[in-house]
$ cat run-v7.cif   # mmCIF, C-alpha atoms
data_protein
loop_
_atom_site.group_PDB
_atom_site.id
_atom_site.type_symbol
_atom_site.label_atom_id
_atom_site.label_comp_id
_atom_site.auth_asym_id
_atom_site.auth_seq_id
_atom_site.Cartn_x
_atom_site.Cartn_y
_atom_site.Cartn_z
ATOM 1 C CA MET B 2 -15.960 -34.039 21.062
ATOM 2 C CA ASP B 3 -13.451 -31.292 21.756
ATOM 3 C CA ALA B 4 -14.345 -28.117 23.581
ATOM 4 C CA LEU B 5 -14.332 -25.643 20.713
ATOM 5 C CA THR B 6 -16.173 -28.098 18.484
ATOM 6 C CA ALA B 7 -18.831 -28.405 21.152
ATOM 7 C CA SER B 8 -18.972 -24.616 21.240
ATOM 8 C CA GLY B 9 -19.631 -24.322 17.532
ATOM 9 C CA TYR B 10 -16.452 -25.029 15.550
ATOM 10 C CA LYS B 11 -16.300 -28.082 13.314
ATOM 11 C CA ALA B 12 -13.749 -30.701 14.269
ATOM 12 C CA GLY B 13 -10.442 -30.125 12.533
ATOM 13 C CA VAL B 14 -11.520 -26.767 11.089
ATOM 14 C CA ARG B 15 -9.628 -23.683 12.183
ATOM 15 C CA PRO B 16 -11.690 -20.528 12.742
ATOM 16 C CA GLN B 17 -10.534 -18.513 9.737
ATOM 17 C CA LYS B 18 -12.488 -15.426 10.762
ATOM 18 C CA VAL B 19 -10.002 -14.730 13.559
ATOM 19 C CA LEU B 20 -6.893 -16.023 11.789
ATOM 20 C CA THR B 21 -4.321 -13.418 10.772
ATOM 21 C CA ALA B 22 -1.055 -14.720 9.356
ATOM 22 C CA SER B 23 1.815 -14.649 11.863
ATOM 23 C CA CYS B 24 -0.285 -12.784 14.426
ATOM 24 C CA PHE B 25 -0.182 -15.629 16.933
ATOM 25 C CA GLU B 26 -0.842 -13.612 20.061
ATOM 26 C CA GLU B 27 -3.998 -11.971 18.714
ATOM 27 C CA ASN B 28 -5.326 -15.175 17.169
ATOM 28 C CA VAL B 29 -5.112 -16.878 20.556
ATOM 29 C CA TRP B 30 -6.604 -13.812 22.288
ATOM 30 C CA LYS B 31 -9.585 -14.034 19.926
ATOM 31 C CA LEU B 32 -10.016 -17.732 20.694
ATOM 32 C CA CYS B 33 -10.004 -16.929 24.413
ATOM 33 C CA GLU B 34 -12.636 -14.276 23.781
ATOM 34 C CA TYR B 35 -14.729 -16.813 21.871
ATOM 35 C CA VAL B 36 -14.576 -19.332 24.734
ATOM 36 C CA GLN B 37 -15.554 -16.607 27.186
ATOM 37 C CA LYS B 38 -18.587 -15.574 25.135
ATOM 38 C CA LYS B 39 -19.834 -19.134 24.715
ATOM 39 C CA ARG B 40 -19.653 -19.827 28.460
ATOM 40 C CA GLN B 41 -19.813 -23.556 27.851
ATOM 41 C CA TYR B 42 -16.533 -24.254 29.629
ATOM 42 C CA PRO B 43 -14.978 -22.290 32.505
ATOM 43 C CA LEU B 44 -12.401 -19.886 31.128
ATOM 44 C CA GLU B 45 -10.162 -20.902 34.029
ATOM 45 C CA GLU B 46 -9.605 -24.258 32.261
ATOM 46 C CA TRP B 47 -7.928 -22.519 29.307
ATOM 47 C CA TYR B 48 -4.363 -21.256 29.039
ATOM 48 C CA ALA B 49 -2.461 -19.025 26.657
ATOM 49 C CA VAL B 50 1.044 -20.394 26.139
ATOM 50 C CA PHE B 51 3.883 -18.213 24.835
ATOM 51 C CA ILE B 52 6.861 -20.186 23.525
ATOM 52 C CA SER B 53 10.228 -18.452 23.248
ATOM 53 C CA ASN B 54 13.676 -18.226 24.874
ATOM 54 C CA ASP B 55 16.329 -15.633 25.692
ATOM 55 C CA GLN B 56 17.691 -15.752 22.135
ATOM 56 C CA LYS B 57 14.174 -15.553 20.622
ATOM 57 C CA MET B 58 14.949 -18.549 18.408
ATOM 58 C CA VAL B 59 12.630 -21.508 18.915
ATOM 59 C CA PRO B 60 12.278 -24.389 16.439
ATOM 60 C CA ILE B 61 8.781 -25.783 15.911
ATOM 61 C CA TRP B 62 7.905 -28.548 13.485
ATOM 62 C CA ARG B 63 4.686 -29.279 11.582
ATOM 63 C CA GLN B 64 3.912 -25.606 10.996
ATOM 64 C CA ARG B 65 2.341 -24.305 7.813
ATOM 65 C CA SER B 66 5.560 -22.449 6.974
ATOM 66 C CA CYS B 67 7.725 -25.563 7.321
ATOM 67 C CA HIS B 68 9.622 -26.916 4.330
ATOM 68 C CA GLY B 69 9.616 -30.702 4.354
ATOM 69 C CA ASP B 70 10.844 -32.119 7.650
ATOM 70 C CA GLN B 71 12.591 -28.912 8.683
ATOM 71 C CA PRO B 72 11.275 -26.777 11.558
ATOM 72 C CA VAL B 73 10.373 -23.117 11.448
ATOM 73 C CA ILE B 74 12.536 -20.961 13.712
ATOM 74 C CA TRP B 75 10.148 -18.496 15.337
ATOM 75 C CA ASP B 76 11.150 -15.637 17.618
ATOM 76 C CA TYR B 77 8.061 -16.657 19.562
ATOM 77 C CA HIS B 78 4.895 -18.658 19.074
ATOM 78 C CA VAL B 79 1.567 -18.737 20.924
ATOM 79 C CA ILE B 80 -0.892 -21.588 21.383
ATOM 80 C CA LEU B 81 -4.095 -22.127 23.352
ATOM 81 C CA MET B 82 -4.371 -25.063 25.718
ATOM 82 C CA HIS B 83 -7.422 -26.611 27.367
ATOM 83 C CA ASP B 84 -6.921 -28.506 30.618
ATOM 84 C CA CYS B 85 -9.596 -31.186 30.419
ATOM 85 C CA GLY B 86 -9.371 -32.212 34.063
ATOM 86 C CA GLY B 87 -8.506 -35.872 34.382
ATOM 87 C CA GLN B 88 -8.069 -36.201 30.630
ATOM 88 C CA GLN B 89 -5.092 -35.175 28.554
ATOM 89 C CA CYS B 90 -4.818 -31.469 27.733
ATOM 90 C CA GLU B 91 -5.698 -30.355 24.219
ATOM 91 C CA VAL B 92 -3.610 -27.922 22.167
ATOM 92 C CA TYR B 93 -5.121 -25.422 19.743
ATOM 93 C CA ASP B 94 -2.428 -24.174 17.359
ATOM 94 C CA LEU B 95 -3.814 -22.162 14.460
ATOM 95 C CA ASP B 96 -0.559 -22.551 12.507
ATOM 96 C CA THR B 97 0.040 -26.281 12.850
ATOM 97 C CA MET B 98 -0.467 -29.009 10.284
ATOM 98 C CA LEU B 99 -1.407 -31.341 13.138
ATOM 99 C CA PRO B 100 -5.051 -31.959 14.125
ATOM 100 C CA PHE B 101 -7.030 -29.056 15.580
ATOM 101 C CA PRO B 102 -7.198 -29.574 18.496
ATOM 102 C CA CYS B 103 -4.304 -31.954 19.104
ATOM 103 C CA PRO B 104 -3.727 -34.120 22.201
ATOM 104 C CA PHE B 105 -0.926 -32.588 24.248
ATOM 105 C CA ASP B 106 1.461 -35.548 24.093
ATOM 106 C CA ILE B 107 1.136 -35.873 20.321
ATOM 107 C CA TYR B 108 1.615 -32.145 19.832
ATOM 108 C CA VAL B 109 4.745 -32.097 22.001
ATOM 109 C CA LYS B 110 6.242 -35.083 20.187
ATOM 110 C CA GLU B 111 5.475 -33.876 16.661
ATOM 111 C CA ALA B 112 5.846 -30.108 17.021
ATOM 112 C CA PHE B 113 8.635 -29.830 19.597
ATOM 113 C CA HIS B 114 10.647 -33.065 19.214
ATOM 114 C CA SER B 115 13.122 -34.049 21.908
ATOM 115 C CA GLU B 116 14.901 -31.277 23.771
ATOM 116 C CA ASP B 117 17.981 -33.534 23.949
ATOM 117 C CA LEU B 118 18.474 -33.148 20.185
ATOM 118 C CA ILE B 119 18.382 -29.346 20.250
ATOM 119 C CA ARG B 120 21.353 -27.091 20.900
ATOM 120 C CA PRO B 121 21.071 -25.053 24.135
ATOM 121 C CA ALA B 122 20.533 -21.772 22.245
ATOM 122 C CA PHE B 123 17.352 -23.191 20.714
ATOM 123 C CA ARG B 124 15.848 -24.805 23.815
ATOM 124 C CA ARG B 125 12.354 -23.570 24.459
ATOM 125 C CA LYS B 126 10.632 -22.107 27.480
ATOM 126 C CA MET B 127 6.917 -21.561 27.986
ATOM 127 C CA ARG B 128 5.072 -18.733 29.686
ATOM 128 C CA VAL B 129 1.667 -20.116 30.692
ATOM 129 C CA LEU B 130 -1.177 -17.940 31.962
ATOM 130 C CA ARG B 131 -4.887 -18.450 32.382
ATOM 131 C CA ALA B 132 -7.060 -17.264 29.541
ATOM 132 C CA ASP B 133 -9.092 -14.926 31.739
ATOM 133 C CA LEU B 134 -5.898 -13.170 32.842
ATOM 134 C CA TYR B 135 -4.700 -12.999 29.239
ATOM 135 C CA LEU B 136 -7.907 -11.275 28.165
ATOM 136 C CA LYS B 137 -7.538 -8.721 30.962
ATOM 137 C CA LYS B 138 -3.841 -7.932 30.634
ATOM 138 C CA PHE B 139 -2.699 -8.326 27.007
ATOM 139 C CA ALA B 140 -2.296 -5.215 24.850
ATOM 140 C CA SER B 141 -0.717 -4.606 21.454
ATOM 141 C CA ASP B 142 -0.455 -1.542 19.254
ATOM 142 C CA ARG B 143 0.964 -3.801 16.483
ATOM 143 C CA SER B 144 4.108 -1.697 16.182
ATOM 144 C CA HIS B 145 6.137 -4.921 15.955
ATOM 145 C CA MET B 146 4.364 -5.648 12.661
ATOM 146 C CA LYS B 147 5.818 -2.552 10.959
ATOM 147 C CA ASP B 148 9.202 -2.061 9.324
ATOM 148 C CA ALA B 149 11.674 0.762 9.972
ATOM 149 C CA HIS B 150 9.682 3.037 7.670
ATOM 150 C CA GLY B 151 6.413 2.435 9.502
ATOM 151 C CA MET B 152 4.993 0.250 6.736
ATOM 152 C CA TRP B 153 3.138 -2.997 7.491
ATOM 153 C CA ARG B 154 5.256 -6.078 6.891
ATOM 154 C CA MET B 155 1.985 -7.945 6.367
ATOM 155 C CA PRO B 156 -1.687 -6.938 6.515
ATOM 156 C CA PRO B 157 -2.800 -6.355 10.123
ATOM 157 C CA PRO B 158 -6.031 -7.734 11.614
ATOM 158 C CA SER B 159 -9.162 -5.901 10.510
ATOM 159 C CA TYR B 160 -10.434 -5.279 14.051
ATOM 160 C CA PRO B 161 -9.095 -2.508 16.357
ATOM 161 C CA CYS B 162 -5.908 -2.978 18.377
ATOM 162 C CA ILE B 163 -6.321 -4.846 21.654
ATOM 163 C CA GLN B 164 -5.736 -2.479 24.570
ATOM 164 C CA THR B 165 -6.416 -2.283 28.288
ATOM 165 C CA ALA B 166 -6.919 0.612 30.684
ATOM 166 C CA GLU B 167 -3.301 0.170 31.809
ATOM 167 C CA ALA B 168 -1.474 -0.456 28.547
ATOM 168 C CA LYS B 169 -1.453 -0.036 24.793
ATOM 169 C CA MET B 170 1.549 -2.299 24.189
ATOM 170 C CA ASN B 171 2.956 -4.977 26.509
ATOM 171 C CA LEU B 172 3.612 -7.860 24.106
ATOM 172 C CA ASN B 173 7.282 -8.060 25.116
ATOM 173 C CA ASP B 174 6.257 -8.843 28.705
ATOM 174 C CA PHE B 175 4.506 -11.973 27.438
ATOM 175 C CA ILE B 176 7.292 -13.023 25.087
ATOM 176 C CA SER B 177 9.925 -12.582 27.791
ATOM 177 C CA MET B 178 10.858 -15.710 29.709
ATOM 178 C CA ASN B 179 12.097 -13.616 32.629
ATOM 179 C CA LEU B 180 10.107 -14.481 35.761
ATOM 180 C CA ALA B 181 10.547 -10.928 37.035
ATOM 181 C CA VAL B 182 8.239 -9.488 34.358
ATOM 182 C CA GLY B 183 4.843 -10.310 32.943
ATOM 183 C CA TRP B 184 2.130 -12.651 34.118
ATOM 184 C CA GLY B 185 1.690 -16.380 34.559
ATOM 185 C CA ASP B 186 4.339 -19.022 35.172
ATOM 186 C CA VAL B 187 7.469 -19.750 33.151
ATOM 187 C CA TYR B 188 8.446 -23.374 32.571
ATOM 188 C CA THR B 189 11.383 -25.139 31.023
ATOM 189 C CA PHE B 190 10.421 -27.629 28.339
ATOM 190 C CA THR B 191 10.764 -30.522 30.799
ATOM 191 C CA GLU B 192 8.709 -28.766 33.480
ATOM 192 C CA PHE B 193 6.026 -27.926 30.919
ATOM 193 C CA THR B 194 5.603 -31.508 29.732
ATOM 194 C CA GLN B 195 5.561 -32.797 33.304
ATOM 195 C CA GLN B 196 2.947 -30.245 34.349
ATOM 196 C CA PHE B 197 0.519 -30.657 31.455
ATOM 197 C CA GLY B 198 1.298 -34.002 29.779
ATOM 198 C CA SER B 199 -0.594 -37.251 30.287
ATOM 199 C CA THR B 200 1.813 -38.160 33.090
ATOM 200 C CA LYS B 201 1.123 -35.016 35.107
ATOM 201 C CA GLN B 202 3.203 -34.686 38.259
#

$ encode --input "run-v7.cif" --output "structure tokens"
Amino acid sequence: MDALTASGYKAGVRPQKVLTASCFEENVWKLCEYVQKKRQYPLEEWYAVFISNDQKMVPIWRQRSCHGDQPVIWDYHVILMHDCGGQQCEVYDLDTMLPFPCPFDIYVKEAFHSEDLIRPAFRRKMRVLRADLYLKKFASDRSHMKDAHGMWRMPPPSYPCIQTAEAKMNLNDFISMNLAVGWGDVYTFTEFTQQFGSTKQ
């Protein structure tokens, strides 16, 4: 039984009450908040993972927006990951067509494919930070969801904007793969799979 299922979610069922289309960062923040409230698993076992690169063009397969076998090219994507100790990590991606949760190795193979087949401009990096730190530091005023005229490109979440005492908007610090800014650790694709895959090094 996976961790969120044990906490109350049904296996394979995404928590629609926190799901807002294309609002990856807030969906994952809400999942972190849910894990924290349930207190069934230490929040330190959970990680928010931002996926992007310097060009902000990252291909990901098996997404709901995919057409056939083609990937979606996101400027960034965010997933939640549970480090199950000696077992394989589990990935919670609210936008995937893969199982929810999905074993890390299967997710990497199906959603990311081989980095060797991807042109350098599309190669992905991952910013990984503990869920407790994510809950404390992340802030968004949702300005990135508006067009040049200040109109919503899509309906925003129904709950208030996520803010901290220090910031109202720092999303770009999480999307950035520059080690000099933001929180957590930044990995290349190879480093990420070695660190969290079934053959952890």

$ closest_residue --input "run-v7.cif" --among "B:Cys33, B:Ile107, B:Phe197, B:Ser66" --to "Gly87 (chain B)" --atoms "all atoms listed in the file"
B:Phe197

$ closest_residue --input "run-v7.cif" --among "B:Pro157, B:Asp186, B:Pro102, B:Asp96" --to "Cys67 (chain B)" --atoms "only C-alpha atoms"
B:Asp96

$ closest_atom_pairs --input "run-v7.cif" --of "region 55-153 of chain B" --to "region 164-168 of chain B" --cutoff "10 Å" --atoms "only C-alpha atoms" --output "tab-separated table"
residue	atom	partner	partner_atom	distance
B:Leu136	CA	B:Thr165	CA	9.1
B:Lys137	CA	B:Thr165	CA	7.1
B:Lys138	CA	B:Thr165	CA	6.6
B:Phe139	CA	B:Gln164	CA	7.0
B:Ala140	CA	B:Gln164	CA	4.4
B:Ser141	CA	B:Gln164	CA	6.3
B:Asp142	CA	B:Gln164	CA	7.6

$ resolve_selection --input "run-v7.cif" --expression "the PyMOL selection byres ((chain B and resi 112) around 12)" --output "PDB file with C-alpha atoms, in the coordinates of the input"
ATOM      1  CA  ILE B  52       6.861 -20.186  23.525  1.00  0.00           C
ATOM      2  CA  VAL B  59      12.630 -21.508  18.915  1.00  0.00           C
ATOM      3  CA  PRO B  60      12.278 -24.389  16.439  1.00  0.00           C
ATOM      4  CA  ILE B  61       8.781 -25.783  15.911  1.00  0.00           C
ATOM      5  CA  TRP B  62       7.905 -28.548  13.485  1.00  0.00           C
ATOM      6  CA  ARG B  63       4.686 -29.279  11.582  1.00  0.00           C
ATOM      7  CA  GLN B  64       3.912 -25.606  10.996  1.00  0.00           C
ATOM      8  CA  ARG B  65       2.341 -24.305   7.813  1.00  0.00           C
ATOM      9  CA  CYS B  67       7.725 -25.563   7.321  1.00  0.00           C
ATOM     10  CA  ASP B  70      10.844 -32.119   7.650  1.00  0.00           C
ATOM     11  CA  GLN B  71      12.591 -28.912   8.683  1.00  0.00           C
ATOM     12  CA  PRO B  72      11.275 -26.777  11.558  1.00  0.00           C
ATOM     13  CA  VAL B  73      10.373 -23.117  11.448  1.00  0.00           C
ATOM     14  CA  ILE B  74      12.536 -20.961  13.712  1.00  0.00           C
ATOM     15  CA  HIS B  78       4.895 -18.658  19.074  1.00  0.00           C
ATOM     16  CA  ILE B  80      -0.892 -21.588  21.383  1.00  0.00           C
ATOM     17  CA  VAL B  92      -3.610 -27.922  22.167  1.00  0.00           C
ATOM     18  CA  ASP B  94      -2.428 -24.174  17.359  1.00  0.00           C
ATOM     19  CA  ASP B  96      -0.559 -22.551  12.507  1.00  0.00           C
ATOM     20  CA  THR B  97       0.040 -26.281  12.850  1.00  0.00           C
ATOM     21  CA  MET B  98      -0.467 -29.009  10.284  1.00  0.00           C
ATOM     22  CA  LEU B  99      -1.407 -31.341  13.138  1.00  0.00           C
ATOM     23  CA  PRO B 100      -5.051 -31.959  14.125  1.00  0.00           C
ATOM     24  CA  CYS B 103      -4.304 -31.954  19.104  1.00  0.00           C
ATOM     25  CA  PRO B 104      -3.727 -34.120  22.201  1.00  0.00           C
ATOM     26  CA  PHE B 105      -0.926 -32.588  24.248  1.00  0.00           C
ATOM     27  CA  ASP B 106       1.461 -35.548  24.093  1.00  0.00           C
ATOM     28  CA  ILE B 107       1.136 -35.873  20.321  1.00  0.00           C
ATOM     29  CA  TYR B 108       1.615 -32.145  19.832  1.00  0.00           C
ATOM     30  CA  VAL B 109       4.745 -32.097  22.001  1.00  0.00           C
ATOM     31  CA  LYS B 110       6.242 -35.083  20.187  1.00  0.00           C
ATOM     32  CA  GLU B 111       5.475 -33.876  16.661  1.00  0.00           C
ATOM     33  CA  PHE B 113       8.635 -29.830  19.597  1.00  0.00           C
ATOM     34  CA  HIS B 114      10.647 -33.065  19.214  1.00  0.00           C
ATOM     35  CA  SER B 115      13.122 -34.049  21.908  1.00  0.00           C
ATOM     36  CA  GLU B 116      14.901 -31.277  23.771  1.00  0.00           C
ATOM     37  CA  ARG B 125      12.354 -23.570  24.459  1.00  0.00           C
TER      38      ARG B 125
END

$ resolve_selection --input "run-v7.cif" --expression "the PyMOL selection byres ((chain B and resi 25-29) around 10)" --output "VMD selection string"
chain B and resid 16 to 24 30 to 35 48 to 51 77 to 82 93 to 96 132 135 to 136 139 to 141 143 158 162 to 163 172 175 to 176

$ atom_distance --input "run-v7.cif" --atom1 "CA of Thr191 (chain B)" --atom2 "CA of Arg128 (chain B)"
13.1 Å

$ atom_distance --input "run-v7.cif" --atom1 "CA of Asp84 (chain B)" --atom2 "CA of Glu45 (chain B)"
8.9 Å

$ atom_distance --input "run-v7.cif" --atom1 "CA of Trp75 (chain B)" --atom2 "CA of Gly198 (chain B)"
23.0 Å

$ closest_residue --input "run-v7.cif" --among "B:Asn171, B:Ser199, B:Thr194, B:Asn54" --to "Gln88 (chain B)" --atoms "only C-alpha atoms"
B:Ser199

$ decode --input "run-v7.cif" --residues "region 130-141 of chain B" --atoms "all heavy atoms" --output "mmCIF file, in the first residue's frame"
data_model
loop_
_atom_site.group_PDB
_atom_site.id
_atom_site.type_symbol
_atom_site.label_atom_id
_atom_site.label_comp_id
_atom_site.auth_asym_id
_atom_site.auth_seq_id
_atom_site.Cartn_x
_atom_site.Cartn_y
_atom_site.Cartn_z
ATOM 1 N N LEU B 130 14.025 19.320 -3.376
ATOM 2 C CA LEU B 130 14.087 19.850 -2.010
ATOM 3 C C LEU B 130 13.059 19.145 -1.146
ATOM 4 O O LEU B 130 12.017 18.687 -1.625
ATOM 5 C CB LEU B 130 13.860 21.356 -1.982
ATOM 6 C CG LEU B 130 12.489 21.896 -2.355
ATOM 7 C CD1 LEU B 130 12.277 23.263 -1.695
ATOM 8 C CD2 LEU B 130 12.357 22.048 -3.871
ATOM 9 N N ARG B 131 13.375 19.035 0.128
ATOM 10 C CA ARG B 131 12.490 18.348 1.055
ATOM 11 C C ARG B 131 11.152 19.062 1.151
ATOM 12 O O ARG B 131 11.060 20.282 1.064
ATOM 13 C CB ARG B 131 13.125 18.255 2.442
ATOM 14 C CG ARG B 131 14.022 17.056 2.598
ATOM 15 C CD ARG B 131 14.608 16.847 3.969
ATOM 16 N NE ARG B 131 14.139 17.723 5.033
ATOM 17 C CZ ARG B 131 14.749 17.816 6.217
ATOM 18 N NH1 ARG B 131 15.837 17.103 6.447
ATOM 19 N NH2 ARG B 131 14.291 18.617 7.155
ATOM 20 N N ALA B 132 10.116 18.264 1.356
ATOM 21 C CA ALA B 132 8.765 18.808 1.383
ATOM 22 C C ALA B 132 8.569 19.825 2.496
ATOM 23 O O ALA B 132 7.859 20.822 2.320
ATOM 24 C CB ALA B 132 7.758 17.667 1.526
ATOM 25 N N ASP B 133 9.187 19.597 3.646
ATOM 26 C CA ASP B 133 9.024 20.555 4.746
ATOM 27 C C ASP B 133 9.625 21.911 4.387
ATOM 28 O O ASP B 133 9.060 22.967 4.716
ATOM 29 C CB ASP B 133 9.627 20.008 6.043
ATOM 30 C CG ASP B 133 11.093 19.615 5.921
ATOM 31 O OD1 ASP B 133 11.546 19.341 4.794
ATOM 32 O OD2 ASP B 133 11.782 19.579 6.945
ATOM 33 N N LEU B 134 10.746 21.906 3.669
ATOM 34 C CA LEU B 134 11.357 23.154 3.228
ATOM 35 C C LEU B 134 10.493 23.824 2.157
ATOM 36 O O LEU B 134 10.342 25.049 2.144
ATOM 37 C CB LEU B 134 12.764 22.886 2.683
ATOM 38 C CG LEU B 134 13.591 24.104 2.269
ATOM 39 C CD1 LEU B 134 13.812 25.042 3.447
ATOM 40 C CD2 LEU B 134 14.929 23.656 1.686
ATOM 41 N N TYR B 135 9.920 23.024 1.288
ATOM 42 C CA TYR B 135 9.039 23.549 0.242
ATOM 43 C C TYR B 135 7.837 24.266 0.852
ATOM 44 O O TYR B 135 7.470 25.370 0.424
ATOM 45 C CB TYR B 135 8.591 22.405 -0.662
ATOM 46 C CG TYR B 135 7.840 22.830 -1.901
ATOM 47 C CD1 TYR B 135 8.264 23.911 -2.664
ATOM 48 C CD2 TYR B 135 6.716 22.145 -2.330
ATOM 49 C CE1 TYR B 135 7.594 24.298 -3.815
ATOM 50 C CE2 TYR B 135 6.033 22.515 -3.472
ATOM 51 C CZ TYR B 135 6.471 23.598 -4.210
ATOM 52 O OH TYR B 135 5.800 23.975 -5.348
ATOM 53 N N LEU B 136 7.241 23.668 1.857
ATOM 54 C CA LEU B 136 6.092 24.290 2.519
ATOM 55 C C LEU B 136 6.472 25.616 3.184
ATOM 56 O O LEU B 136 5.665 26.549 3.241
ATOM 57 C CB LEU B 136 5.497 23.340 3.558
ATOM 58 C CG LEU B 136 4.724 22.137 3.015
ATOM 59 C CD1 LEU B 136 4.314 21.217 4.155
ATOM 60 C CD2 LEU B 136 3.499 22.574 2.218
ATOM 61 N N LYS B 137 7.679 25.707 3.672
ATOM 62 C CA LYS B 137 8.118 26.924 4.376
ATOM 63 C C LYS B 137 8.527 28.039 3.428
ATOM 64 O O LYS B 137 8.344 29.223 3.736
ATOM 65 C CB LYS B 137 9.304 26.602 5.292
ATOM 66 C CG LYS B 137 8.975 25.711 6.479
ATOM 67 C CD LYS B 137 10.239 25.378 7.265
ATOM 68 C CE LYS B 137 9.951 24.430 8.416
ATOM 69 N NZ LYS B 137 11.199 24.037 9.122
ATOM 70 N N LYS B 138 9.082 27.688 2.274
ATOM 71 C CA LYS B 138 9.731 28.693 1.433
ATOM 72 C C LYS B 138 8.957 29.094 0.180
ATOM 73 O O LYS B 138 9.131 30.218 -0.315
ATOM 74 C CB LYS B 138 11.118 28.187 1.004
ATOM 75 C CG LYS B 138 12.087 27.979 2.162
ATOM 76 C CD LYS B 138 12.385 29.289 2.881
ATOM 77 C CE LYS B 138 13.424 29.110 3.983
ATOM 78 N NZ LYS B 138 13.706 30.389 4.682
ATOM 79 N N PHE B 139 8.117 28.238 -0.360
ATOM 80 C CA PHE B 139 7.466 28.529 -1.642
ATOM 81 C C PHE B 139 6.411 29.618 -1.514
ATOM 82 O O PHE B 139 5.638 29.646 -0.549
ATOM 83 C CB PHE B 139 6.825 27.262 -2.209
ATOM 84 C CG PHE B 139 6.024 27.517 -3.461
ATOM 85 C CD1 PHE B 139 6.664 27.731 -4.664
ATOM 86 C CD2 PHE B 139 4.643 27.557 -3.425
ATOM 87 C CE1 PHE B 139 5.929 27.983 -5.817
ATOM 88 C CE2 PHE B 139 3.900 27.803 -4.572
ATOM 89 C CZ PHE B 139 4.550 28.019 -5.768
ATOM 90 N N ALA B 140 6.370 30.523 -2.502
ATOM 91 C CA ALA B 140 5.361 31.570 -2.549
ATOM 92 C C ALA B 140 5.032 31.892 -4.002
ATOM 93 O O ALA B 140 5.923 31.901 -4.865
ATOM 94 C CB ALA B 140 5.853 32.830 -1.836
ATOM 95 N N SER B 141 3.754 32.145 -4.266
ATOM 96 C CA SER B 141 3.341 32.496 -5.624
ATOM 97 C C SER B 141 2.142 33.433 -5.592
ATOM 98 O O SER B 141 1.137 33.147 -4.933
ATOM 99 C CB SER B 141 2.991 31.233 -6.418
ATOM 100 O OG SER B 141 2.460 31.582 -7.686
#
